[in-house]
Amino acid sequence: MTSSSPVVSGGGRFVVATSAGTGMAWLMMIAAVVCLAFVPFLVRAADVGPGAAGFWRMVLALPLLAVWSAMADRRRPAATTSPGTCRRGSLAAVAAGLAFTGDLFFFHKAIGTTTVANAALLCQLAPVMVVAALWIFAGERPGRGLIAGLALALAGAWLLVRDTGDRAGADIMGDLSAVAAAACYAAYLIAIKTARRSIAAGTTMLITTVVSALGLGLLAVASGEVLMPSGLTGWAAVAGLGILAHAGGQGLATAALGRLPVGAASLLLLIQPVITAAFGWPIEGEVPSLLQVAGALLLLAALATANPALRPAWRRTGPDPAAAR
């Protein structure tokens with residue numbers, strides 16, 4: 001069976017379907033992850049607070065996203081979805097914007113208070129949190145892989161945090177901020193997938209970005225942060241956040257999620273901390289300790305074990321968590 005969606009249900013079993021459109025979506029997701037891997041370095045160079053960095057990331061991406069949305073609307077045929085469906089999609093995009101506000105605020109805060117490797121790795125708990133949330137709130141029954149994955153994730157996170165106190169540039173509150181960012185990003189992924197069922201990627205990104213810009217701007221002002229970059233390097237960094245990370249990376253990811261299940265797509269997020277940590281050594285001088293390496297390996301193993309998309313589709317029966325996302 002072939003479909004534009006990579007996972008098709010039928011008789012309680014799931015088969016993986018392939019198409020040219022799906023292949024392009026995977027390439028877009030890979031490109032998105034590579035773009036997003038450089039966010040920690042851009043945030044550190046921005047010389048503004050975490051909320052302000054997120055605010056400028058949203059604001060500077062808006063012109064590109066507005067053009068994308070307008071071009072997509074011109075190319076799109078007459079709408080076949082009902083006004084109620086579009087309204088639900090728009091509300092889901094607003095919810096995604098609120099979740100993304102929390103994600104960026106906590107992630108940018110973590111980048112400033114812990115190592116870039118810890119921040120990037122702990123934020124990758126989001127896929128496990130998605131599956132766990134569906135278990136708790138939607139009644140999705142976990143398999144042995146999920147339970148084993150959660151145990152590995154806790155062990156890996158503990159090793160990362162345990163080593164934090166003895167490492168320069170690391171802080172336990174930064175690690176906790178990264179975990180909070182992961183929870184917000186899990187909510188964001190679920191909301192984005194819901195929105196993309198009824199509205200286009202450009203429109204989804206535009207709504208999400210406007211909501212996030214307002215939320216992050218208010219957080220930055222309320223926190224008394226430095227709002228304006230102090231020099232050319234700072235402005236170049238926030239421009240990179242807006243153009244490379246948000247319009248490029250997040251935009252590509254949003255477009256790809258219209259064709260991919262969140263569970264399978266989230267596996268590619270595992271590439272991000274590897275790229276970030278690899279560049280963190282030469283750029284930031286953050287040489288990983290043996291405990292950090294062990295914790296990172298456990299964390300990546302946990303995410304791979306807990307994600308049902310890794311297991312062959314013909315061996316899975318019953319409701320698929322990825323389908324619900």
# chains A, B, ... in the order shown; residues from 1 in each chain; ligands from 1

call {"tool": "residues_around", "arguments": {"residues": "Leu36 in chain A", "least_positions_apart": "6", "cutoff": "9 Å", "atoms": "only C-alpha atoms", "output": "number ranges by chain"}}
result
A: 241, 244-246, 248-250, 272

call {"tool": "residues_around", "arguments": {"residues": "Gly51 in chain A", "least_positions_apart": "2", "cutoff": "12 Å", "atoms": "only C-alpha atoms", "output": "PyMOL selection string"}}
result
chain A and resi 43+46-49+53-58+100-110+112+212-228+238

call {"tool": "residues_around", "arguments": {"residues": "Ala183 in chain A", "least_positions_apart": "6", "cutoff": "12 Å", "atoms": "only C-alpha atoms", "output": "PDB file with N, CA and C atoms, in the first residue's frame"}}
result
ATOM      1  N   ALA A  99       3.589  26.624  23.338  1.00  0.00           N
ATOM      2  CA  ALA A  99       4.539  25.589  23.759  1.00  0.00           C
ATOM      3  C   ALA A  99       5.957  25.928  23.296  1.00  0.00           C
ATOM      4  N   PHE A 100       6.055  26.477  22.089  1.00  0.00           N
ATOM      5  CA  PHE A 100       7.367  26.837  21.555  1.00  0.00           C
ATOM      6  C   PHE A 100       7.981  28.007  22.324  1.00  0.00           C
ATOM      7  N   THR A 101       7.116  28.884  22.833  1.00  0.00           N
ATOM      8  CA  THR A 101       7.594  29.976  23.684  1.00  0.00           C
ATOM      9  C   THR A 101       8.335  29.412  24.900  1.00  0.00           C
ATOM     10  N   GLY A 102       7.708  28.445  25.570  1.00  0.00           N
ATOM     11  CA  GLY A 102       8.346  27.810  26.714  1.00  0.00           C
ATOM     12  C   GLY A 102       9.604  27.063  26.321  1.00  0.00           C
ATOM     13  N   ASP A 103       9.557  26.365  25.193  1.00  0.00           N
ATOM     14  CA  ASP A 103      10.716  25.605  24.737  1.00  0.00           C
ATOM     15  C   ASP A 103      11.917  26.516  24.523  1.00  0.00           C
ATOM     16  N   LEU A 104      11.726  27.608  23.774  1.00  0.00           N
ATOM     17  CA  LEU A 104      12.847  28.499  23.479  1.00  0.00           C
ATOM     18  C   LEU A 104      13.361  29.198  24.729  1.00  0.00           C
ATOM     19  N   PHE A 106      13.272  28.225  27.917  1.00  0.00           N
ATOM     20  CA  PHE A 106      14.034  27.308  28.769  1.00  0.00           C
ATOM     21  C   PHE A 106      15.299  26.796  28.082  1.00  0.00           C
ATOM     22  N   PHE A 107      15.221  26.558  26.766  1.00  0.00           N
ATOM     23  CA  PHE A 107      16.393  26.062  26.054  1.00  0.00           C
ATOM     24  C   PHE A 107      17.491  27.117  26.005  1.00  0.00           C
ATOM     25  N   LEU A 122      19.897  16.756  26.781  1.00  0.00           N
ATOM     26  CA  LEU A 122      18.732  16.651  27.658  1.00  0.00           C
ATOM     27  C   LEU A 122      17.462  17.105  26.950  1.00  0.00           C
ATOM     28  N   CYS A 123      17.581  18.030  26.023  1.00  0.00           N
ATOM     29  CA  CYS A 123      16.407  18.465  25.266  1.00  0.00           C
ATOM     30  C   CYS A 123      15.878  17.358  24.354  1.00  0.00           C
ATOM     31  N   GLN A 124      16.728  16.367  24.055  1.00  0.00           N
ATOM     32  CA  GLN A 124      16.281  15.278  23.195  1.00  0.00           C
ATOM     33  C   GLN A 124      15.447  14.234  23.937  1.00  0.00           C
ATOM     34  N   LEU A 125      15.114  14.522  25.202  1.00  0.00           N
ATOM     35  CA  LEU A 125      14.135  13.692  25.905  1.00  0.00           C
ATOM     36  C   LEU A 125      12.723  13.897  25.365  1.00  0.00           C
ATOM     37  N   ALA A 126      12.534  14.911  24.525  1.00  0.00           N
ATOM     38  CA  ALA A 126      11.197  15.232  24.008  1.00  0.00           C
ATOM     39  C   ALA A 126      10.490  14.038  23.359  1.00  0.00           C
ATOM     40  N   PRO A 127      11.145  13.237  22.479  1.00  0.00           N
ATOM     41  CA  PRO A 127      10.427  12.101  21.889  1.00  0.00           C
ATOM     42  C   PRO A 127       9.911  11.114  22.932  1.00  0.00           C
ATOM     43  N   VAL A 128      10.705  10.847  23.974  1.00  0.00           N
ATOM     44  CA  VAL A 128      10.249   9.948  25.032  1.00  0.00           C
ATOM     45  C   VAL A 128       9.059  10.562  25.764  1.00  0.00           C
ATOM     46  N   MET A 129       9.107  11.872  25.987  1.00  0.00           N
ATOM     47  CA  MET A 129       8.005  12.546  26.679  1.00  0.00           C
ATOM     48  C   MET A 129       6.723  12.509  25.854  1.00  0.00           C
ATOM     49  N   VAL A 130       6.855  12.577  24.528  1.00  0.00           N
ATOM     50  CA  VAL A 130       5.670  12.484  23.667  1.00  0.00           C
ATOM     51  C   VAL A 130       4.973  11.148  23.887  1.00  0.00           C
ATOM     52  N   VAL A 131       5.748  10.057  23.824  1.00  0.00           N
ATOM     53  CA  VAL A 131       5.176   8.727  23.999  1.00  0.00           C
ATOM     54  C   VAL A 131       4.599   8.572  25.405  1.00  0.00           C
ATOM     55  N   ALA A 132       5.314   9.074  26.417  1.00  0.00           N
ATOM     56  CA  ALA A 132       4.828   8.981  27.793  1.00  0.00           C
ATOM     57  C   ALA A 132       3.535   9.770  27.984  1.00  0.00           C
ATOM     58  N   ALA A 133       3.444  10.951  27.361  1.00  0.00           N
ATOM     59  CA  ALA A 133       2.232  11.760  27.477  1.00  0.00           C
ATOM     60  C   ALA A 133       1.031  11.056  26.858  1.00  0.00           C
ATOM     61  N   LEU A 176      18.149  21.376  34.467  1.00  0.00           N
ATOM     62  CA  LEU A 176      16.703  21.323  34.699  1.00  0.00           C
ATOM     63  C   LEU A 176      15.953  22.164  33.674  1.00  0.00           C
ATOM     64  N   SER A 177      16.537  23.295  33.277  1.00  0.00           N
ATOM     65  CA  SER A 177      15.916  24.127  32.237  1.00  0.00           C
ATOM     66  C   SER A 177      15.843  23.366  30.917  1.00  0.00           C
ATOM     67  N   LEU A 189       5.473  19.495  19.359  1.00  0.00           N
ATOM     68  CA  LEU A 189       5.406  18.509  18.278  1.00  0.00           C
ATOM     69  C   LEU A 189       3.996  17.970  18.097  1.00  0.00           C
ATOM     70  N   ILE A 190       3.333  17.669  19.202  1.00  0.00           N
ATOM     71  CA  ILE A 190       1.961  17.147  19.122  1.00  0.00           C
ATOM     72  C   ILE A 190       1.028  18.194  18.541  1.00  0.00           C
TER      73      ILE A 190
END

call {"tool": "atom_distance", "arguments": {"atom1": "CA of Tyr188 in chain A", "atom2": "CA of Ala96 in chain A"}}
result
4.7 Å

call {"tool": "closest_residue", "arguments": {"among": "A:Ala151, A:Val39, A:Ala255, A:Ala32", "to": "Ser69 in chain A", "atoms": "only C-alpha atoms"}}
result
A:Ala255

call {"tool": "closest_residue", "arguments": {"among": "A:Ile111, A:Leu159, A:Ala31, A:Ala191", "to": "Val94 in chain A", "atoms": "only C-alpha atoms"}}
result
A:Ala191

call {"tool": "atom_distance", "arguments": {"atom1": "CA of Arg144 in chain A", "atom2": "CA of Asp175 in chain A"}}
result
27.6 Å

call {"tool": "closest_residue", "arguments": {"among": "A:Ala155, A:Ile192, A:Ala186, A:Ala66", "to": "Ala256 in chain A", "atoms": "only C-alpha atoms"}}
result
A:Ile192

call {"tool": "closest_residue", "arguments": {"among": "A:Ile136, A:Cys86, A:Val34, A:Ala93", "to": "Val210 in chain A", "atoms": "only C-alpha atoms"}}
result
A:Ala93

call {"tool": "closest_residue", "arguments": {"among": "A:Ala195, A:Ala236, A:Met205, A:Ala61", "to": "Arg87 in chain A", "atoms": "only C-alpha atoms"}}
result
A:Ala195

call {"tool": "atom_distance", "arguments": {"atom1": "CA of Leu98 in chain A", "atom2": "CA of Ala153 in chain A"}}
result
26.2 Å

call {"tool": "decode", "arguments": {"residues": "range 224-264 of chain A", "atoms": "N, CA and C atoms", "output": "tab-separated table (two decimals), in the first residue's frame"}}
result
chain	number	residue	atom	x	y	z
A	224	GLY	N	13.39	41.55	32.86
A	224	GLY	CA	14.39	42.61	32.89
A	224	GLY	C	15.65	42.26	32.12
A	225	GLU	N	15.50	41.51	31.03
A	225	GLU	CA	16.66	41.08	30.25
A	225	GLU	C	17.23	42.21	29.40
A	226	VAL	N	18.46	42.02	28.97
A	226	VAL	CA	19.03	42.87	27.93
A	226	VAL	C	18.32	42.54	26.63
A	227	LEU	N	17.69	43.54	26.00
A	227	LEU	CA	16.84	43.28	24.85
A	227	LEU	C	17.55	43.47	23.50
A	228	MET	N	18.51	44.39	23.46
A	228	MET	CA	19.15	44.73	22.19
A	228	MET	C	20.57	44.19	22.13
A	229	PRO	N	20.95	43.50	21.06
A	229	PRO	CA	22.34	43.09	20.89
A	229	PRO	C	23.26	44.31	20.90
A	230	SER	N	24.44	44.14	21.46
A	230	SER	CA	25.31	45.29	21.66
A	230	SER	C	26.23	45.59	20.49
A	231	GLY	N	26.36	44.70	19.56
A	231	GLY	CA	27.28	44.95	18.45
A	231	GLY	C	26.93	44.13	17.23
A	232	LEU	N	27.81	44.20	16.23
A	232	LEU	CA	27.57	43.51	14.96
A	232	LEU	C	27.50	42.00	15.16
A	233	THR	N	28.35	41.46	16.04
A	233	THR	CA	28.34	40.01	16.29
A	233	THR	C	27.00	39.57	16.87
A	234	GLY	N	26.48	40.36	17.81
A	234	GLY	CA	25.19	40.02	18.41
A	234	GLY	C	24.06	40.05	17.40
A	235	TRP	N	24.05	41.08	16.54
A	235	TRP	CA	23.00	41.17	15.52
A	235	TRP	C	23.13	40.04	14.49
A	236	ALA	N	24.37	39.70	14.14
A	236	ALA	CA	24.57	38.59	13.20
A	236	ALA	C	24.06	37.28	13.81
A	237	ALA	N	24.26	37.13	15.13
A	237	ALA	CA	23.81	35.91	15.80
A	237	ALA	C	22.28	35.81	15.81
A	238	VAL	N	21.58	36.90	16.16
A	238	VAL	CA	20.12	36.82	16.18
A	238	VAL	C	19.56	36.70	14.77
A	239	ALA	N	20.26	37.29	13.78
A	239	ALA	CA	19.83	37.11	12.39
A	239	ALA	C	19.96	35.65	11.99
A	240	GLY	N	21.06	35.01	12.43
A	240	GLY	CA	21.22	33.58	12.16
A	240	GLY	C	20.15	32.74	12.81
A	241	LEU	N	19.75	33.12	14.04
A	241	LEU	CA	18.67	32.42	14.72
A	241	LEU	C	17.36	32.53	13.93
A	242	GLY	N	17.09	33.73	13.42
A	242	GLY	CA	15.84	33.93	12.70
A	242	GLY	C	15.81	33.26	11.34
A	243	ILE	N	16.91	33.43	10.59
A	243	ILE	CA	16.92	32.96	9.20
A	243	ILE	C	17.31	31.49	9.11
A	244	LEU	N	18.45	31.13	9.72
A	244	LEU	CA	18.93	29.75	9.61
A	244	LEU	C	18.13	28.79	10.48
A	245	ALA	N	17.96	29.15	11.77
A	245	ALA	CA	17.33	28.22	12.71
A	245	ALA	C	15.82	28.17	12.55
A	246	HIS	N	15.17	29.35	12.54
A	246	HIS	CA	13.71	29.32	12.59
A	246	HIS	C	13.07	29.22	11.20
A	247	ALA	N	13.34	30.19	10.33
A	247	ALA	CA	12.74	30.12	8.99
A	247	ALA	C	13.25	28.88	8.25
A	248	GLY	N	14.55	28.58	8.40
A	248	GLY	CA	15.11	27.43	7.73
A	248	GLY	C	14.84	26.12	8.44
A	249	GLY	N	15.44	25.96	9.63
A	249	GLY	CA	15.32	24.69	10.34
A	249	GLY	C	13.91	24.35	10.78
A	250	GLN	N	13.29	25.26	11.55
A	250	GLN	CA	11.95	24.97	12.05
A	250	GLN	C	10.92	24.94	10.93
A	251	GLY	N	11.12	25.79	9.91
A	251	GLY	CA	10.20	25.78	8.77
A	251	GLY	C	10.25	24.47	8.01
A	252	LEU	N	11.46	23.97	7.76
A	252	LEU	CA	11.60	22.68	7.07
A	252	LEU	C	10.99	21.55	7.89
A	253	ALA	N	11.20	21.60	9.22
A	253	ALA	CA	10.64	20.55	10.08
A	253	ALA	C	9.12	20.58	10.05
A	254	THR	N	8.53	21.77	10.09
A	254	THR	CA	7.07	21.89	10.06
A	254	THR	C	6.50	21.36	8.75
A	255	ALA	N	7.16	21.69	7.64
A	255	ALA	CA	6.70	21.18	6.34
A	255	ALA	C	6.82	19.65	6.29
A	256	ALA	N	7.92	19.12	6.83
A	256	ALA	CA	8.13	17.67	6.79
A	256	ALA	C	7.11	16.93	7.65
A	257	LEU	N	6.73	17.52	8.79
A	257	LEU	CA	5.79	16.84	9.69
A	257	LEU	C	4.40	16.69	9.09
A	258	GLY	N	4.12	17.42	8.01
A	258	GLY	CA	2.85	17.22	7.32
A	258	GLY	C	2.78	15.88	6.62
A	259	ARG	N	3.95	15.27	6.35
A	259	ARG	CA	4.01	13.99	5.64
A	259	ARG	C	4.57	12.85	6.50
A	260	LEU	N	5.15	13.18	7.64
A	260	LEU	CA	5.81	12.15	8.46
A	260	LEU	C	5.13	12.02	9.81
A	261	PRO	N	5.11	10.81	10.39
A	261	PRO	CA	4.63	10.65	11.76
A	261	PRO	C	5.66	11.23	12.72
A	262	VAL	N	5.19	11.85	13.78
A	262	VAL	CA	6.10	12.49	14.73
A	262	VAL	C	7.07	11.49	15.33
A	263	GLY	N	6.60	10.28	15.61
A	263	GLY	CA	7.47	9.29	16.23
A	263	GLY	C	8.68	8.98	15.38
A	264	ALA	N	8.46	8.73	14.09
A	264	ALA	CA	9.58	8.42	13.21
A	264	ALA	C	10.46	9.64	12.97
